[in-house]
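What follows is a short report on a single structure.
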Amino acid sequence: MLHKILEQKLQQALAAVLPEADTSGVLVRPCPDPKFGDYQTNALMSLAKARKMNPRQLAADVAARLDIAAWCEPVQVAGAGFLNFRLKPAALATALRQAAGGGDLFFQKSANPRAVVIDFSSPNVAKPMHVGHIRSTILGDALARLLRLLGHRVITDNHIGDWGTQFGKLIVGWKSGLDAEKLRADPIAEMERLYKWVNSECETDPRVLERARQELVKLQSGDAENLRLWREMIALSESQFERVYSRLGVKFDYRLGESYYNPRLKSVVEDLAARGIAEPSEGAMAVFFRDVPELKDHPALVRKSDGGFNYATTDLATLLFRWEGGSWGAAPGEIIYVTGAPQQLHFQQLFAIFRRWHPEARVKLAHVWFGSILGEDGKPFKTRAGDTVRLEDLLDEAEERALKVVTEKNPELPEGQRRDIARAVGLGSIKYGDLSQNRQSDYVFSWDRMLSLQGNTAPYLLYAYARVRSIFRKGGEDFQAGGGAEFVIAAPEEAALARHLLNFGLALDGAAEDYRPNFLCAYLYELAGHFARFYENCPVLKAEGAERATRLALCDLTARVLQQGLEVLGIDTVEQM
RNA sequence: GCGCCCGUAGCUCAGUUGGAUAGAGCAACUGCCUUCUAAGCAGUGGGUCGCGCGUUCGAUUCGCGCCGGGCGCGCCA
């Protein structure tokens, strides 16, 4: 992390010039254009501005105190007051050698590791997982992997929708119209059919609705038969969840669904009422935010007028449980919720209530929200028939489409291998298509784009990786992994690749900071681009001596960074494609 | 009505504390395979960053006001 050293030195120099200045925001970033140098800071300009100083003069004063001759050429003041840093070849070579020799792969673990609970995916019992779950699942998993890599203790928890009014209808359907044959063949489809059937009956026949209510009450009051049915529905659903998660390579440490918190709901509301946070309102219990301008018109209900609890109550109980250390015993420094944009208000309310409830809590609460998935017509993503798209069907189609392309490009590979490649490429494309975009934008789902061989896509990155591996398959027996090769960077393509490798940690930190994996994707795409240009212009296996050793080592580092980066995104690499 | 988000090339999207000529991919056009995978590389054309005002040495980025779109706003989650 050379730029970290430069940053530290820069901050020290600034402190010598302006002893009272806050130097924490004075950062060093890669230059937007290599002609300026490798790294730059523009922070001195805003600092000078705030003090009505001459920015170029301040930059010059700081430059004069900068003690970085070990790493950089003499620093120049540029433009309105930029400081541009250009690495000395020896410093670049040293950084590369350290990584090649088994040191950190151009990133550092966090200096302040913390326990982080991540709540994501949250599918519903008795319903198929659909595209609506994919963003939460993929994004949450990527964030979990990212924070783990950076040294945090990550606790993933799947808050499954296993409780609620829908079970009244499901039990009515189960008792009066279950098709055992269909249940065996496709339990999720059968439960979905039952629910839809009873739901439509309820609309025309109030007696059915009443029966559903009664079944729900029986379930809630512990009726043995209804509990049994409920548990069976959960079990059937969980095997579906497991199928999807194992295909996607997603793992959870805990799966504490909504029902887990049932016994705690009553005391949550009582406690809130006792503290004067919740108050009666129109028969319900509500929390008002009279002193919060954004929320003053949006009270939150924590108990319904019929005495039942709703999701705000469950979420409060869950939040309290997690803050107290959950069943894992560690109080988290941070809790992250990965859900869609429409829930912003809900989490604003949830966090506001919790802060008032437990003002002493030091935990960071984050709602990481994301936009919708749209079809290519710009409307919500549906099948041609207008149904929601099942996640399993989507994954099947991704693999099928990828297999077709692989077979077209490489018909001579054995089928088993083609299928393995198709799996990595197909699932990788789905994940990457989603993760490479700013999560807050709505995402237009397009097979052609995500499976495209060009542009910022999984296949392009996987291809870059496969090309590197191909070099080592064809030759390079003389390359010693972890060996102390001297790096002699000569060609401009070598230099651009090498300098980009150094910035991997910056991409990881940036992605973690704002919960934006697309920063990492952009970095990896650029890395693959630098590698492609290097590959085009710098023959590896035909080179000799130091040039060959340097190029082999650059290839190896590129492959390792690509592999590590893709792993963070939950994407498997392939040796050939 | 109130709140949140969005509006960047024909299309789909990036754009990291405000920073140097606003970037990709697709689509269009032009080159490069007797050379490690051409699933690649190089190049050309294409922009009043929705509109206006303001703050600033500097605004796609910050503030205010419009226009257009999406979503949310007490007993679903």
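By convention here, the chains of the structure tokens are called A, B, ... in the order presented, each chain's residues are numbered starting at 1, and ligands are numbered starting at 1 in the order presented.
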*Please provide the set of residues having any atom within 10 Å of range 10-19 of chain B, restricted to only C-alpha atoms (C1' of nucleotides), with same-chain residues fewer than 6 positions apart removed, written as a ChimeraX atom specification.*
/A:25-27,29,41-43,45-46,79-82,376,436-438,441,443-446,449,506-507,510-511,514,518-519,522 /B:25-27,46,56,58-62
*Pick out the chain B residues within 12 Å of chain A. Count only C-alpha atoms (C1' of nucleotides). Give them as number ranges by chain.*
B: 1-7, 11-26, 32-33, 35-42, 56-58, 69-77
Write out as an mmCIF file with N, CA, C and O atoms, in the first residue's frame all residues of range 334-494 of chain A that backbone DSSP assigns to alpha helix (DSSP H).
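So the final result, stored in part_4.cif, reads:
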```cif
data_model
loop_
_atom_site.group_PDB
_atom_site.id
_atom_site.type_symbol
_atom_site.label_atom_id
_atom_site.label_comp_id
_atom_site.auth_asym_id
_atom_site.auth_seq_id
_atom_site.Cartn_x
_atom_site.Cartn_y
_atom_site.Cartn_z
ATOM 1 N N GLN A 344 -36.588 2.332 2.576
ATOM 2 C CA GLN A 344 -35.783 3.382 3.202
ATOM 3 C C GLN A 344 -36.471 4.018 4.406
ATOM 4 O O GLN A 344 -35.860 4.223 5.448
ATOM 5 N N LEU A 345 -37.746 4.342 4.229
ATOM 6 C CA LEU A 345 -38.468 4.990 5.326
ATOM 7 C C LEU A 345 -38.539 4.069 6.542
ATOM 8 O O LEU A 345 -38.327 4.502 7.677
ATOM 9 N N HIS A 346 -38.828 2.810 6.280
ATOM 10 C CA HIS A 346 -38.919 1.840 7.365
ATOM 11 C C HIS A 346 -37.623 1.798 8.179
ATOM 12 O O HIS A 346 -37.653 1.814 9.408
ATOM 13 N N PHE A 347 -36.484 1.760 7.507
ATOM 14 C CA PHE A 347 -35.231 1.661 8.255
ATOM 15 C C PHE A 347 -34.856 2.975 8.921
ATOM 16 O O PHE A 347 -34.257 2.977 9.997
ATOM 17 N N GLN A 348 -35.244 4.076 8.318
ATOM 18 C CA GLN A 348 -35.047 5.364 8.991
ATOM 19 C C GLN A 348 -35.787 5.354 10.332
ATOM 20 O O GLN A 348 -35.272 5.772 11.356
ATOM 21 N N GLN A 349 -37.027 4.880 10.280
ATOM 22 C CA GLN A 349 -37.836 4.822 11.492
ATOM 23 C C GLN A 349 -37.247 3.843 12.492
ATOM 24 O O GLN A 349 -37.113 4.142 13.679
ATOM 25 N N LEU A 350 -36.885 2.675 11.985
ATOM 26 C CA LEU A 350 -36.327 1.638 12.845
ATOM 27 C C LEU A 350 -35.089 2.140 13.595
ATOM 28 O O LEU A 350 -34.976 1.998 14.810
ATOM 29 N N PHE A 351 -34.188 2.754 12.849
ATOM 30 C CA PHE A 351 -32.955 3.236 13.463
ATOM 31 C C PHE A 351 -33.257 4.360 14.456
ATOM 32 O O PHE A 351 -32.652 4.437 15.526
ATOM 33 N N ALA A 352 -34.181 5.236 14.085
ATOM 34 C CA ALA A 352 -34.515 6.360 14.967
ATOM 35 C C ALA A 352 -35.116 5.861 16.278
ATOM 36 O O ALA A 352 -34.801 6.374 17.354
ATOM 37 N N ILE A 353 -35.981 4.866 16.176
ATOM 38 C CA ILE A 353 -36.576 4.318 17.394
ATOM 39 C C ILE A 353 -35.490 3.681 18.257
ATOM 40 O O ILE A 353 -35.419 3.885 19.468
ATOM 41 N N PHE A 354 -34.636 2.914 17.618
ATOM 42 C CA PHE A 354 -33.590 2.221 18.380
ATOM 43 C C PHE A 354 -32.648 3.203 19.074
ATOM 44 O O PHE A 354 -32.249 2.997 20.224
ATOM 45 N N ARG A 355 -32.308 4.282 18.391
ATOM 46 C CA ARG A 355 -31.417 5.282 18.994
ATOM 47 C C ARG A 355 -32.048 5.903 20.238
ATOM 48 O O ARG A 355 -31.366 6.227 21.206
ATOM 49 N N ARG A 356 -33.369 6.091 20.169
ATOM 50 C CA ARG A 356 -34.046 6.684 21.312
ATOM 51 C C ARG A 356 -34.178 5.656 22.442
ATOM 52 O O ARG A 356 -34.111 5.986 23.621
ATOM 53 N N TRP A 357 -34.359 4.433 22.009
ATOM 54 C CA TRP A 357 -34.561 3.319 22.943
ATOM 55 C C TRP A 357 -33.250 3.023 23.685
ATOM 56 O O TRP A 357 -33.231 2.846 24.894
ATOM 57 N N LEU A 391 -36.023 -17.609 -9.417
ATOM 58 C CA LEU A 391 -34.569 -17.523 -9.372
ATOM 59 C C LEU A 391 -33.918 -18.780 -9.941
ATOM 60 O O LEU A 391 -32.934 -18.711 -10.683
ATOM 61 N N GLU A 392 -34.465 -19.936 -9.617
ATOM 62 C CA GLU A 392 -33.850 -21.180 -10.107
ATOM 63 C C GLU A 392 -33.916 -21.262 -11.627
ATOM 64 O O GLU A 392 -32.983 -21.732 -12.272
ATOM 65 N N ASP A 393 -35.037 -20.802 -12.193
ATOM 66 C CA ASP A 393 -35.143 -20.795 -13.654
ATOM 67 C C ASP A 393 -34.117 -19.845 -14.263
ATOM 68 O O ASP A 393 -33.529 -20.103 -15.314
ATOM 69 N N LEU A 394 -33.948 -18.738 -13.564
ATOM 70 C CA LEU A 394 -33.008 -17.733 -14.049
ATOM 71 C C LEU A 394 -31.581 -18.302 -14.075
ATOM 72 O O LEU A 394 -30.841 -18.124 -15.046
ATOM 73 N N LEU A 395 -31.233 -19.014 -13.012
ATOM 74 C CA LEU A 395 -29.888 -19.594 -12.939
ATOM 75 C C LEU A 395 -29.715 -20.681 -14.004
ATOM 76 O O LEU A 395 -28.666 -20.788 -14.631
ATOM 77 N N ASP A 396 -30.770 -21.475 -14.204
ATOM 78 C CA ASP A 396 -30.728 -22.498 -15.259
ATOM 79 C C ASP A 396 -30.460 -21.851 -16.614
ATOM 80 O O ASP A 396 -29.611 -22.303 -17.374
ATOM 81 N N GLU A 397 -31.220 -20.810 -16.874
ATOM 82 C CA GLU A 397 -31.089 -20.171 -18.183
ATOM 83 C C GLU A 397 -29.696 -19.577 -18.376
ATOM 84 O O GLU A 397 -29.122 -19.638 -19.466
ATOM 85 N N ALA A 398 -29.161 -19.011 -17.306
ATOM 86 C CA ALA A 398 -27.813 -18.435 -17.394
ATOM 87 C C ALA A 398 -26.810 -19.516 -17.790
ATOM 88 O O ALA A 398 -25.966 -19.306 -18.668
ATOM 89 N N GLU A 399 -26.921 -20.684 -17.161
ATOM 90 C CA GLU A 399 -25.972 -21.755 -17.464
ATOM 91 C C GLU A 399 -26.179 -22.290 -18.874
ATOM 92 O O GLU A 399 -25.221 -22.592 -19.587
ATOM 93 N N GLU A 400 -27.456 -22.394 -19.269
ATOM 94 C CA GLU A 400 -27.741 -22.869 -20.623
ATOM 95 C C GLU A 400 -27.168 -21.935 -21.676
ATOM 96 O O GLU A 400 -26.528 -22.355 -22.636
ATOM 97 N N ARG A 401 -27.424 -20.658 -21.476
ATOM 98 C CA ARG A 401 -26.934 -19.685 -22.454
ATOM 99 C C ARG A 401 -25.410 -19.682 -22.505
ATOM 100 O O ARG A 401 -24.807 -19.591 -23.578
ATOM 101 N N ALA A 402 -24.797 -19.781 -21.324
ATOM 102 C CA ALA A 402 -23.330 -19.780 -21.290
ATOM 103 C C ALA A 402 -22.790 -21.045 -21.960
ATOM 104 O O ALA A 402 -21.796 -20.993 -22.687
ATOM 105 N N LEU A 403 -23.459 -22.165 -21.750
ATOM 106 C CA LEU A 403 -23.007 -23.422 -22.352
ATOM 107 C C LEU A 403 -23.025 -23.328 -23.875
ATOM 108 O O LEU A 403 -22.123 -23.811 -24.562
ATOM 109 N N LYS A 404 -24.053 -22.680 -24.379
ATOM 110 C CA LYS A 404 -24.169 -22.506 -25.830
ATOM 111 C C LYS A 404 -22.972 -21.730 -26.381
ATOM 112 O O LYS A 404 -22.374 -22.105 -27.391
ATOM 113 N N VAL A 405 -22.629 -20.661 -25.675
ATOM 114 C CA VAL A 405 -21.509 -19.840 -26.137
ATOM 115 C C VAL A 405 -20.202 -20.616 -26.031
ATOM 116 O O VAL A 405 -19.373 -20.606 -26.957
ATOM 117 N N VAL A 406 -20.010 -21.305 -24.915
ATOM 118 C CA VAL A 406 -18.769 -22.058 -24.719
ATOM 119 C C VAL A 406 -18.624 -23.119 -25.805
ATOM 120 O O VAL A 406 -17.551 -23.290 -26.393
ATOM 121 N N THR A 407 -19.710 -23.794 -26.082
ATOM 122 C CA THR A 407 -19.681 -24.860 -27.083
ATOM 123 C C THR A 407 -19.353 -24.303 -28.461
ATOM 124 O O THR A 407 -18.615 -24.900 -29.245
ATOM 125 N N GLU A 408 -19.874 -23.126 -28.729
ATOM 126 C CA GLU A 408 -19.618 -22.472 -30.001
ATOM 127 C C GLU A 408 -18.146 -22.090 -30.138
ATOM 128 O O GLU A 408 -17.528 -22.283 -31.176
ATOM 129 N N LYS A 409 -17.588 -21.567 -29.023
ATOM 130 C CA LYS A 409 -16.206 -21.086 -29.079
ATOM 131 C C LYS A 409 -15.197 -22.218 -28.978
ATOM 132 O O LYS A 409 -14.111 -22.141 -29.541
ATOM 133 N N GLU A 415 -17.444 -32.408 -22.693
ATOM 134 C CA GLU A 415 -18.684 -31.804 -22.234
ATOM 135 C C GLU A 415 -18.641 -31.421 -20.760
ATOM 136 O O GLU A 415 -19.122 -30.358 -20.373
ATOM 137 N N GLY A 416 -18.066 -32.277 -19.939
ATOM 138 C CA GLY A 416 -18.002 -31.992 -18.508
ATOM 139 C C GLY A 416 -17.305 -30.662 -18.244
ATOM 140 O O GLY A 416 -17.764 -29.847 -17.442
ATOM 141 N N GLN A 417 -16.220 -30.457 -18.952
ATOM 142 C CA GLN A 417 -15.471 -29.217 -18.762
ATOM 143 C C GLN A 417 -16.267 -28.024 -19.292
ATOM 144 O O GLN A 417 -16.282 -26.948 -18.662
ATOM 145 N N ARG A 418 -16.944 -28.256 -20.415
ATOM 146 C CA ARG A 418 -17.759 -27.155 -20.949
ATOM 147 C C ARG A 418 -18.860 -26.771 -19.963
ATOM 148 O O ARG A 418 -19.186 -25.598 -19.807
ATOM 149 N N ARG A 419 -19.407 -27.769 -19.302
ATOM 150 C CA ARG A 419 -20.454 -27.471 -18.320
ATOM 151 C C ARG A 419 -19.892 -26.722 -17.111
ATOM 152 O O ARG A 419 -20.528 -25.813 -16.581
ATOM 153 N N ASP A 420 -18.708 -27.110 -16.695
ATOM 154 C CA ASP A 420 -18.080 -26.399 -15.572
ATOM 155 C C ASP A 420 -17.837 -24.936 -15.934
ATOM 156 O O ASP A 420 -18.078 -24.028 -15.135
ATOM 157 N N ILE A 421 -17.339 -24.747 -17.141
ATOM 158 C CA ILE A 421 -17.078 -23.374 -17.587
ATOM 159 C C ILE A 421 -18.392 -22.602 -17.666
ATOM 160 O O ILE A 421 -18.492 -21.454 -17.220
ATOM 161 N N ALA A 422 -19.416 -23.270 -18.202
ATOM 162 C CA ALA A 422 -20.717 -22.607 -18.362
ATOM 163 C C ALA A 422 -21.295 -22.203 -17.007
ATOM 164 O O ALA A 422 -21.922 -21.160 -16.868
ATOM 165 N N ARG A 423 -21.057 -23.047 -16.020
ATOM 166 C CA ARG A 423 -21.573 -22.727 -14.689
ATOM 167 C C ARG A 423 -20.894 -21.463 -14.158
ATOM 168 O O ARG A 423 -21.540 -20.523 -13.702
ATOM 169 N N ALA A 424 -19.567 -21.438 -14.246
ATOM 170 C CA ALA A 424 -18.827 -20.269 -13.749
ATOM 171 C C ALA A 424 -19.200 -19.019 -14.537
ATOM 172 O O ALA A 424 -19.432 -17.955 -13.965
ATOM 173 N N VAL A 425 -19.265 -19.159 -15.845
ATOM 174 C CA VAL A 425 -19.550 -17.996 -16.688
ATOM 175 C C VAL A 425 -21.003 -17.550 -16.514
ATOM 176 O O VAL A 425 -21.288 -16.358 -16.370
ATOM 177 N N GLY A 426 -21.919 -18.500 -16.506
ATOM 178 C CA GLY A 426 -23.338 -18.153 -16.415
ATOM 179 C C GLY A 426 -23.681 -17.506 -15.088
ATOM 180 O O GLY A 426 -24.250 -16.410 -15.039
ATOM 181 N N LEU A 427 -23.337 -18.174 -13.993
ATOM 182 C CA LEU A 427 -23.646 -17.605 -12.683
ATOM 183 C C LEU A 427 -22.819 -16.354 -12.430
ATOM 184 O O LEU A 427 -23.308 -15.372 -11.862
ATOM 185 N N GLY A 428 -21.558 -16.389 -12.895
ATOM 186 C CA GLY A 428 -20.704 -15.209 -12.745
ATOM 187 C C GLY A 428 -21.294 -14.013 -13.469
ATOM 188 O O GLY A 428 -21.233 -12.888 -12.981
ATOM 189 N N SER A 429 -21.885 -14.262 -14.613
ATOM 190 C CA SER A 429 -22.457 -13.161 -15.399
ATOM 191 C C SER A 429 -23.643 -12.534 -14.684
ATOM 192 O O SER A 429 -23.808 -11.321 -14.675
ATOM 193 N N ILE A 430 -24.477 -13.383 -14.109
ATOM 194 C CA ILE A 430 -25.617 -12.855 -13.353
ATOM 195 C C ILE A 430 -25.132 -12.000 -12.196
ATOM 196 O O ILE A 430 -25.601 -10.882 -11.982
ATOM 197 N N LYS A 431 -24.179 -12.538 -11.460
ATOM 198 C CA LYS A 431 -23.670 -11.793 -10.310
ATOM 199 C C LYS A 431 -22.980 -10.510 -10.732
ATOM 200 O O LYS A 431 -23.231 -9.435 -10.188
ATOM 201 N N TYR A 432 -22.102 -10.640 -11.709
ATOM 202 C CA TYR A 432 -21.308 -9.479 -12.097
ATOM 203 C C TYR A 432 -22.163 -8.387 -12.734
ATOM 204 O O TYR A 432 -21.950 -7.198 -12.499
ATOM 205 N N GLY A 433 -23.151 -8.817 -13.522
ATOM 206 C CA GLY A 433 -24.035 -7.841 -14.150
ATOM 207 C C GLY A 433 -24.692 -6.957 -13.112
ATOM 208 O O GLY A 433 -24.846 -5.750 -13.280
ATOM 209 N N ASP A 434 -25.042 -7.566 -12.015
ATOM 210 C CA ASP A 434 -25.693 -6.853 -10.929
ATOM 211 C C ASP A 434 -24.686 -6.018 -10.128
ATOM 212 O O ASP A 434 -24.869 -4.820 -9.916
ATOM 213 N N LEU A 435 -23.599 -6.660 -9.726
ATOM 214 C CA LEU A 435 -22.637 -6.001 -8.838
ATOM 215 C C LEU A 435 -21.859 -4.879 -9.517
ATOM 216 O O LEU A 435 -21.378 -3.978 -8.847
ATOM 217 N N TRP A 447 -29.765 -10.413 -20.823
ATOM 218 C CA TRP A 447 -28.882 -11.576 -21.043
ATOM 219 C C TRP A 447 -27.751 -11.210 -21.985
ATOM 220 O O TRP A 447 -26.595 -11.532 -21.728
ATOM 221 N N ASP A 448 -28.104 -10.550 -23.070
ATOM 222 C CA ASP A 448 -27.087 -10.273 -24.076
ATOM 223 C C ASP A 448 -25.962 -9.427 -23.514
ATOM 224 O O ASP A 448 -24.798 -9.638 -23.812
ATOM 225 N N ARG A 449 -26.329 -8.481 -22.673
ATOM 226 C CA ARG A 449 -25.289 -7.605 -22.156
ATOM 227 C C ARG A 449 -24.425 -8.310 -21.112
ATOM 228 O O ARG A 449 -23.216 -8.188 -21.113
ATOM 229 N N MET A 450 -25.067 -9.034 -20.191
ATOM 230 C CA MET A 450 -24.259 -9.616 -19.113
ATOM 231 C C MET A 450 -23.386 -10.762 -19.617
ATOM 232 O O MET A 450 -22.344 -11.033 -19.065
ATOM 233 N N ALA A 458 -18.541 -10.270 -16.714
ATOM 234 C CA ALA A 458 -17.849 -11.417 -16.140
ATOM 235 C C ALA A 458 -17.050 -12.182 -17.193
ATOM 236 O O ALA A 458 -15.886 -12.520 -16.957
ATOM 237 N N PRO A 459 -17.633 -12.481 -18.356
ATOM 238 C CA PRO A 459 -16.851 -13.232 -19.341
ATOM 239 C C PRO A 459 -15.539 -12.545 -19.726
ATOM 240 O O PRO A 459 -14.525 -13.214 -19.903
ATOM 241 N N TYR A 460 -15.571 -11.233 -19.822
ATOM 242 C CA TYR A 460 -14.341 -10.521 -20.185
ATOM 243 C C TYR A 460 -13.269 -10.723 -19.111
ATOM 244 O O TYR A 460 -12.102 -10.969 -19.406
ATOM 245 N N LEU A 461 -13.660 -10.613 -17.860
ATOM 246 C CA LEU A 461 -12.701 -10.783 -16.766
ATOM 247 C C LEU A 461 -12.223 -12.227 -16.676
ATOM 248 O O LEU A 461 -11.036 -12.493 -16.476
ATOM 249 N N LEU A 462 -13.161 -13.157 -16.835
ATOM 250 C CA LEU A 462 -12.792 -14.567 -16.756
ATOM 251 C C LEU A 462 -11.870 -14.942 -17.918
ATOM 252 O O LEU A 462 -10.958 -15.752 -17.766
ATOM 253 N N TYR A 463 -12.100 -14.329 -19.057
ATOM 254 C CA TYR A 463 -11.259 -14.572 -20.215
ATOM 255 C C TYR A 463 -9.841 -14.074 -19.955
ATOM 256 O O TYR A 463 -8.854 -14.746 -20.284
ATOM 257 N N ALA A 464 -9.737 -12.901 -19.363
ATOM 258 C CA ALA A 464 -8.416 -12.359 -19.034
ATOM 259 C C ALA A 464 -7.687 -13.329 -18.108
ATOM 260 O O ALA A 464 -6.498 -13.627 -18.303
ATOM 261 N N TYR A 465 -8.412 -13.846 -17.135
ATOM 262 C CA TYR A 465 -7.803 -14.793 -16.196
ATOM 263 C C TYR A 465 -7.364 -16.060 -16.940
ATOM 264 O O TYR A 465 -6.248 -16.558 -16.749
ATOM 265 N N ALA A 466 -8.248 -16.570 -17.797
ATOM 266 C CA ALA A 466 -7.939 -17.800 -18.527
ATOM 267 C C ALA A 466 -6.721 -17.614 -19.438
ATOM 268 O O ALA A 466 -5.912 -18.528 -19.602
ATOM 269 N N ARG A 467 -6.576 -16.413 -19.997
ATOM 270 C CA ARG A 467 -5.419 -16.163 -20.854
ATOM 271 C C ARG A 467 -4.120 -16.206 -20.055
ATOM 272 O O ARG A 467 -3.109 -16.711 -20.528
ATOM 273 N N VAL A 468 -4.159 -15.650 -18.860
ATOM 274 C CA VAL A 468 -2.955 -15.719 -18.027
ATOM 275 C C VAL A 468 -2.622 -17.171 -17.728
ATOM 276 O O VAL A 468 -1.486 -17.614 -17.876
ATOM 277 N N ARG A 469 -3.637 -17.905 -17.321
ATOM 278 C CA ARG A 469 -3.399 -19.300 -16.949
ATOM 279 C C ARG A 469 -2.875 -20.095 -18.129
ATOM 280 O O ARG A 469 -2.086 -21.016 -17.979
ATOM 281 N N SER A 470 -3.339 -19.706 -19.300
ATOM 282 C CA SER A 470 -2.907 -20.402 -20.508
ATOM 283 C C SER A 470 -1.396 -20.262 -20.718
ATOM 284 O O SER A 470 -0.725 -21.184 -21.165
ATOM 285 N N ILE A 471 -0.890 -19.096 -20.383
ATOM 286 C CA ILE A 471 0.552 -18.883 -20.520
ATOM 287 C C ILE A 471 1.316 -19.867 -19.639
ATOM 288 O O ILE A 471 2.293 -20.484 -20.066
ATOM 289 N N PHE A 472 0.815 -20.041 -18.431
ATOM 290 C CA PHE A 472 1.524 -20.948 -17.514
ATOM 291 C C PHE A 472 1.335 -22.416 -17.915
ATOM 292 O O PHE A 472 2.120 -23.267 -17.532
ATOM 293 N N ARG A 473 0.271 -22.688 -18.667
ATOM 294 C CA ARG A 473 0.086 -24.061 -19.153
ATOM 295 C C ARG A 473 1.033 -24.358 -20.310
ATOM 296 O O ARG A 473 1.541 -25.454 -20.438
ATOM 297 N N LYS A 474 1.254 -23.308 -21.129
ATOM 298 C CA LYS A 474 2.081 -23.505 -22.329
ATOM 299 C C LYS A 474 3.570 -23.429 -22.043
ATOM 300 O O LYS A 474 4.390 -23.829 -22.864
ATOM 301 N N PRO A 492 5.887 0.371 -21.679
ATOM 302 C CA PRO A 492 4.813 1.163 -21.063
ATOM 303 C C PRO A 492 3.634 0.291 -20.612
ATOM 304 O O PRO A 492 3.004 0.586 -19.597
ATOM 305 N N GLU A 493 3.363 -0.792 -21.348
ATOM 306 C CA GLU A 493 2.249 -1.668 -20.965
ATOM 307 C C GLU A 493 2.550 -2.413 -19.668
ATOM 308 O O GLU A 493 1.649 -2.703 -18.887
ATOM 309 N N GLU A 494 3.829 -2.740 -19.471
ATOM 310 C CA GLU A 494 4.231 -3.370 -18.208
ATOM 311 C C GLU A 494 4.030 -2.388 -17.062
ATOM 312 O O GLU A 494 3.524 -2.738 -16.001
#
```
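Proximity ranking of A:Leu143, A:Met233, A:Met1, A:Ala64 relative to Asp119 in chain A places A:Leu143 first, based on only C-alpha atoms.
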_B:A28, B:U34, B:G47, B:G52 ranked by distance to A9 in chain B, top pick (using only C-alpha atoms (C1' of nucleotides))_ = B:G47
_Expected answer as a list in words: strand (DSSP E) residues in range 34-260 of chain A_ =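 Checking each residue of range 34-260 of chain A, the strand (DSSP E) ones are Tyr39, Gln40, Thr41, Gln76, Val77, Ala78, Phe82, Leu83, Asn84, Phe85, Ala115, Val116, Val117, Ile118, Asp119, Arg153, Val154, Ile155, Thr156 and Asp157 of chain A.
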*List the neighbours of Ile5 in chain A out to 10 Å using only C-alpha atoms (C1' of nucleotides); skip same-chain residues closer than 4 positions along the sequence, and give me the result as a ChimeraX atom specification.*
/A:1,9-11,28,68,71
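In this structure, CA of Leu6 in chain A sits 11.8 Å away from CA of Ala63 in chain A.
In this model, the gap between CA of Leu105 in chain A and CA of Arg148 in chain A comes to 15.1 Å.
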*Which polymer residues have any atom within 7 Å of an atom of Leu216 in chain A, counting only C-alpha atoms (C1' of nucleotides), with same-chain residues fewer than 3 positions away left out, as a PyMOL selection string?*
chain A and resi 165+167-168+212-213+219-220
Hey, can you spit out that residue selection with all heavy atoms as a CSV table (one decimal), in the first residue's frame?
```csv
chain,number,residue,atom,x,y,z
A,165,THR,N,-49.4,-13.3,8.4
A,165,THR,CA,-50.8,-13.6,8.1
A,165,THR,C,-51.0,-14.6,7.0
A,165,THR,O,-52.0,-15.3,6.9
A,165,THR,CB,-51.6,-12.3,7.7
A,165,THR,OG1,-50.8,-11.6,6.7
A,165,THR,CG2,-51.7,-11.4,8.9
A,167,PHE,N,-49.9,-17.4,6.6
A,167,PHE,CA,-50.0,-18.8,7.0
A,167,PHE,C,-51.4,-19.3,7.3
A,167,PHE,O,-51.7,-20.4,7.2
A,167,PHE,CB,-49.0,-19.1,8.2
A,167,PHE,CG,-47.6,-19.2,7.7
A,167,PHE,CD1,-46.8,-18.1,7.9
A,167,PHE,CD2,-47.1,-20.3,7.1
A,167,PHE,CE1,-45.4,-18.1,7.5
A,167,PHE,CE2,-45.8,-20.3,6.7
A,167,PHE,CZ,-45.0,-19.2,6.9
A,168,GLY,N,-52.3,-18.3,7.6
A,168,GLY,CA,-53.7,-18.7,7.8
A,168,GLY,C,-54.2,-19.2,6.5
A,168,GLY,O,-54.9,-20.3,6.4
A,212,ALA,N,-59.5,-18.5,7.4
A,212,ALA,CA,-58.1,-18.3,7.4
A,212,ALA,C,-57.7,-17.6,8.6
A,212,ALA,O,-56.6,-17.9,9.2
A,212,ALA,CB,-57.7,-17.5,6.1
A,213,ARG,N,-58.5,-16.6,9.1
A,213,ARG,CA,-58.2,-15.9,10.3
A,213,ARG,C,-58.1,-16.9,11.5
A,213,ARG,O,-57.3,-16.8,12.3
A,213,ARG,CB,-59.3,-14.8,10.6
A,213,ARG,CG,-58.9,-13.5,10.0
A,213,ARG,CD,-59.7,-12.4,10.6
A,213,ARG,NE,-59.8,-11.3,9.7
A,213,ARG,CZ,-60.8,-10.9,9.0
A,213,ARG,NH1,-62.0,-11.6,9.2
A,213,ARG,NH2,-60.8,-10.0,8.1
A,219,LEU,N,-52.8,-21.2,15.0
A,219,LEU,CA,-51.3,-21.3,14.8
A,219,LEU,C,-50.6,-20.4,15.8
A,219,LEU,O,-49.7,-20.9,16.5
A,219,LEU,CB,-50.9,-20.9,13.4
A,219,LEU,CG,-49.4,-20.8,13.1
A,219,LEU,CD1,-48.8,-22.2,13.2
A,219,LEU,CD2,-49.1,-20.2,11.8
A,220,GLN,N,-51.1,-19.2,16.0
A,220,GLN,CA,-50.4,-18.3,16.9
A,220,GLN,C,-50.6,-18.7,18.3
A,220,GLN,O,-49.7,-18.4,19.2
A,220,GLN,CB,-50.9,-16.9,16.7
A,220,GLN,CG,-50.4,-16.2,15.4
A,220,GLN,CD,-51.2,-15.0,15.0
A,220,GLN,OE1,-52.3,-14.7,15.5
A,220,GLN,NE2,-50.5,-14.1,14.2
```
